[in-house]
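Heads up: the structure comes next, in structure tokens.
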Amino acid sequence: MRISQGDSFRALYRTGHRLEAPGLLFFWLPSPDQQNRMATIIRKKSAKSAVLRNRVRRIMREVTRQQIPQFTRPCWMLFDIQEIPKKGASAILRASAEQLMER
């Protein structure tokens with residue numbers, strides 16, 4: 001279910017649809033392989049701790065798993081985390097991601 005090849009990331013950035021929320025960019029593209037796939041990008045500049053980066057990735061995967069049954073067709077998704085809030089990060093990120101995926 002993960003996107004791992006560089007060409008896939010480039011396709012999402014170049015031709016994907018882009019939505020923005022504070023501290024979060026969401027790219028999506030109709031799936032060329034008829035499977036739902038997702039990726040999360042978090043820069044070390046945003047979160048120095050690997051523990052925090054991994055926690056955010058797990059949160060984004062869980063939000064995606066919960067939202068997938070609502071999709072009408074398969075798509076590729078990319079969450080680009082620009083900034084992680086200091087307090088209540090998990091709740092804020094969940095709410096932002098759910099809001100973007102509902103659009």
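The chains in the structure tokens are called A, B, ... from first to last as shown; in each chain the residues are counted from 1, and the ligands are counted from 1 in the order shown.
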All strand (DSSP E) positions in chain A, as a tab-separated table (two decimals) with N, CA, C and O atoms, in the first residue's frame:
chain	number	residue	atom	x	y	z
A	17	HIS	N	-3.28	16.29	-7.94
A	17	HIS	CA	-4.10	17.38	-7.42
A	17	HIS	C	-3.53	17.76	-6.05
A	17	HIS	O	-3.14	16.90	-5.28
A	18	ARG	N	-3.51	19.05	-5.75
A	18	ARG	CA	-2.89	19.53	-4.53
A	18	ARG	C	-3.91	20.24	-3.65
A	18	ARG	O	-4.66	21.11	-4.12
A	19	LEU	N	-3.94	19.88	-2.38
A	19	LEU	CA	-4.77	20.55	-1.39
A	19	LEU	C	-3.86	20.95	-0.22
A	19	LEU	O	-2.91	20.25	0.09
A	20	GLU	N	-4.19	22.05	0.43
A	20	GLU	CA	-3.35	22.56	1.51
A	20	GLU	C	-4.15	22.76	2.79
A	20	GLU	O	-5.32	23.13	2.75
A	21	ALA	N	-3.49	22.49	3.89
A	21	ALA	CA	-3.99	22.83	5.22
A	21	ALA	C	-2.78	23.40	5.97
A	21	ALA	O	-1.65	23.21	5.53
A	24	LEU	N	0.43	21.26	6.28
A	24	LEU	CA	0.24	19.97	5.61
A	24	LEU	C	-0.14	20.18	4.15
A	24	LEU	O	-1.03	20.97	3.84
A	25	LEU	N	0.56	19.50	3.26
A	25	LEU	CA	0.19	19.47	1.85
A	25	LEU	C	-0.31	18.07	1.53
A	25	LEU	O	0.27	17.08	2.00
A	26	PHE	N	-1.35	17.97	0.74
A	26	PHE	CA	-1.92	16.68	0.37
A	26	PHE	C	-2.00	16.62	-1.15
A	26	PHE	O	-2.60	17.48	-1.78
A	27	PHE	N	-1.35	15.63	-1.73
A	27	PHE	CA	-1.39	15.40	-3.18
A	27	PHE	C	-2.13	14.10	-3.43
A	27	PHE	O	-1.93	13.12	-2.70
A	28	TRP	N	-2.96	14.07	-4.47
A	28	TRP	CA	-3.59	12.81	-4.83
A	28	TRP	C	-3.70	12.72	-6.34
A	28	TRP	O	-3.71	13.72	-7.06
A	29	LEU	N	-3.77	11.50	-6.81
A	29	LEU	CA	-3.77	11.20	-8.24
A	29	LEU	C	-4.57	9.92	-8.44
A	29	LEU	O	-4.40	8.97	-7.68
A	30	PRO	N	-5.46	9.86	-9.44
A	30	PRO	CA	-6.14	8.59	-9.72
A	30	PRO	C	-5.10	7.50	-9.97
A	30	PRO	O	-4.11	7.71	-10.65
A	37	ARG	N	-2.67	3.63	-2.74
A	37	ARG	CA	-1.31	3.71	-2.21
A	37	ARG	C	-1.13	5.07	-1.54
A	37	ARG	O	-1.76	6.04	-1.93
A	38	MET	N	-0.24	5.11	-0.55
A	38	MET	CA	0.00	6.37	0.14
A	38	MET	C	1.44	6.46	0.60
A	38	MET	O	2.13	5.46	0.71
A	39	ALA	N	1.86	7.70	0.85
A	39	ALA	CA	3.20	7.97	1.38
A	39	ALA	C	3.11	9.22	2.26
A	39	ALA	O	2.24	10.06	2.05
A	40	THR	N	4.02	9.30	3.21
A	40	THR	CA	4.12	10.47	4.08
A	40	THR	C	5.56	10.95	4.07
A	40	THR	O	6.48	10.16	4.25
A	41	ILE	N	5.72	12.23	3.85
A	41	ILE	CA	7.06	12.84	3.85
A	41	ILE	C	7.13	13.80	5.03
A	41	ILE	O	6.29	14.69	5.17
A	42	ILE	N	8.14	13.59	5.89
A	42	ILE	CA	8.39	14.49	7.01
A	42	ILE	C	9.88	14.78	7.02
A	42	ILE	O	10.69	13.87	7.12
A	75	CYS	N	-6.80	5.55	-5.58
A	75	CYS	CA	-5.93	6.69	-5.85
A	75	CYS	C	-4.62	6.56	-5.08
A	75	CYS	O	-4.50	5.77	-4.16
A	76	TRP	N	-3.66	7.33	-5.50
A	76	TRP	CA	-2.38	7.46	-4.80
A	76	TRP	C	-2.43	8.75	-4.00
A	76	TRP	O	-2.92	9.77	-4.49
A	77	MET	N	-1.92	8.72	-2.78
A	77	MET	CA	-1.96	9.88	-1.90
A	77	MET	C	-0.57	10.15	-1.34
A	77	MET	O	0.18	9.22	-1.06
A	78	LEU	N	-0.27	11.42	-1.16
A	78	LEU	CA	1.00	11.82	-0.58
A	78	LEU	C	0.74	12.93	0.43
A	78	LEU	O	0.14	13.96	0.10
A	79	PHE	N	1.14	12.70	1.67
A	79	PHE	CA	1.07	13.71	2.71
A	79	PHE	C	2.46	14.29	2.87
A	79	PHE	O	3.40	13.57	3.18
A	80	ASP	N	2.59	15.59	2.68
A	80	ASP	CA	3.87	16.28	2.85
A	80	ASP	C	3.72	17.16	4.09
A	80	ASP	O	3.07	18.20	4.06
A	81	ILE	N	4.30	16.71	5.19
A	81	ILE	CA	4.17	17.41	6.46
A	81	ILE	C	5.20	18.53	6.50
A	81	ILE	O	6.40	18.28	6.51
* DSSP helix (DSSP H, G or I) residues within chain A, listed as number ranges by chain -> A: 6-15, 50-70, 89-102
* Å distance separating atom CA of A:Lys48 from atom CA of A:Ile84, one decimal place ->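 Computed distance, atom CA of A:Lys48 to atom CA of A:Ile84, equals 10.7 Å.
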* Length of the atom CA of A:Glu83 to atom CA of A:Gln35 vector [Å] -> 28.7 Å
* Tell me, in Å to one decimal, how far atom CA of A:Gln66 is from atom CA of A:Glu98. =>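 Atom-to-atom, atom CA of A:Gln66 and atom CA of A:Glu98 are spaced 9.1 Å apart.
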* Hey, what's within 9 Å of A:Val63 if we count only C-alpha atoms and toss same-chain stuff fewer than 3 positions away? As a list in words, please? ->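 After dropping sequence-adjacent residues, the list is Arg58, Ile59, Met60, Gln66, Gln67, Ile68, Arg94, Ala97 and Glu98 of chain A.
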Please write the residues from the selection above to a file, keeping N, CA, C and O atoms, as a PDB file, in the first residue's frame.
ATOM      1  N   ARG A  58       2.689   6.800  11.403  1.00  0.00           N
ATOM      2  CA  ARG A  58       1.667   5.844  11.846  1.00  0.00           C
ATOM      3  C   ARG A  58       0.296   6.501  11.924  1.00  0.00           C
ATOM      4  O   ARG A  58      -0.716   5.902  11.542  1.00  0.00           O
ATOM      5  N   ILE A  59       0.246   7.728  12.401  1.00  0.00           N
ATOM      6  CA  ILE A  59      -1.020   8.456  12.469  1.00  0.00           C
ATOM      7  C   ILE A  59      -1.604   8.630  11.077  1.00  0.00           C
ATOM      8  O   ILE A  59      -2.799   8.389  10.848  1.00  0.00           O
ATOM      9  N   MET A  60      -0.772   9.039  10.122  1.00  0.00           N
ATOM     10  CA  MET A  60      -1.263   9.284   8.760  1.00  0.00           C
ATOM     11  C   MET A  60      -1.721   7.978   8.108  1.00  0.00           C
ATOM     12  O   MET A  60      -2.726   7.951   7.385  1.00  0.00           O
ATOM     13  N   GLN A  66      -8.747   4.448   7.640  1.00  0.00           N
ATOM     14  CA  GLN A  66     -10.131   4.729   8.024  1.00  0.00           C
ATOM     15  C   GLN A  66     -10.914   5.394   6.903  1.00  0.00           C
ATOM     16  O   GLN A  66     -12.125   5.204   6.787  1.00  0.00           O
ATOM     17  N   GLN A  67     -10.255   6.171   6.068  1.00  0.00           N
ATOM     18  CA  GLN A  67     -10.934   6.920   5.012  1.00  0.00           C
ATOM     19  C   GLN A  67     -11.083   6.145   3.704  1.00  0.00           C
ATOM     20  O   GLN A  67     -11.938   6.474   2.892  1.00  0.00           O
ATOM     21  N   ILE A  68     -10.258   5.125   3.466  1.00  0.00           N
ATOM     22  CA  ILE A  68     -10.269   4.404   2.191  1.00  0.00           C
ATOM     23  C   ILE A  68     -11.641   3.838   1.811  1.00  0.00           C
ATOM     24  O   ILE A  68     -12.025   3.929   0.650  1.00  0.00           O
ATOM     25  N   ARG A  94      -4.590  14.567  12.513  1.00  0.00           N
ATOM     26  CA  ARG A  94      -5.738  13.714  12.139  1.00  0.00           C
ATOM     27  C   ARG A  94      -6.856  14.551  11.533  1.00  0.00           C
ATOM     28  O   ARG A  94      -7.390  14.238  10.484  1.00  0.00           O
ATOM     29  N   ALA A  97      -5.858  15.983   8.066  1.00  0.00           N
ATOM     30  CA  ALA A  97      -5.807  14.944   7.039  1.00  0.00           C
ATOM     31  C   ALA A  97      -7.205  14.479   6.662  1.00  0.00           C
ATOM     32  O   ALA A  97      -7.520  14.320   5.478  1.00  0.00           O
ATOM     33  N   GLU A  98      -8.062  14.252   7.647  1.00  0.00           N
ATOM     34  CA  GLU A  98      -9.435  13.825   7.352  1.00  0.00           C
ATOM     35  C   GLU A  98     -10.177  14.880   6.545  1.00  0.00           C
ATOM     36  O   GLU A  98     -10.892  14.567   5.603  1.00  0.00           O
TER      37      GLU A  98
END
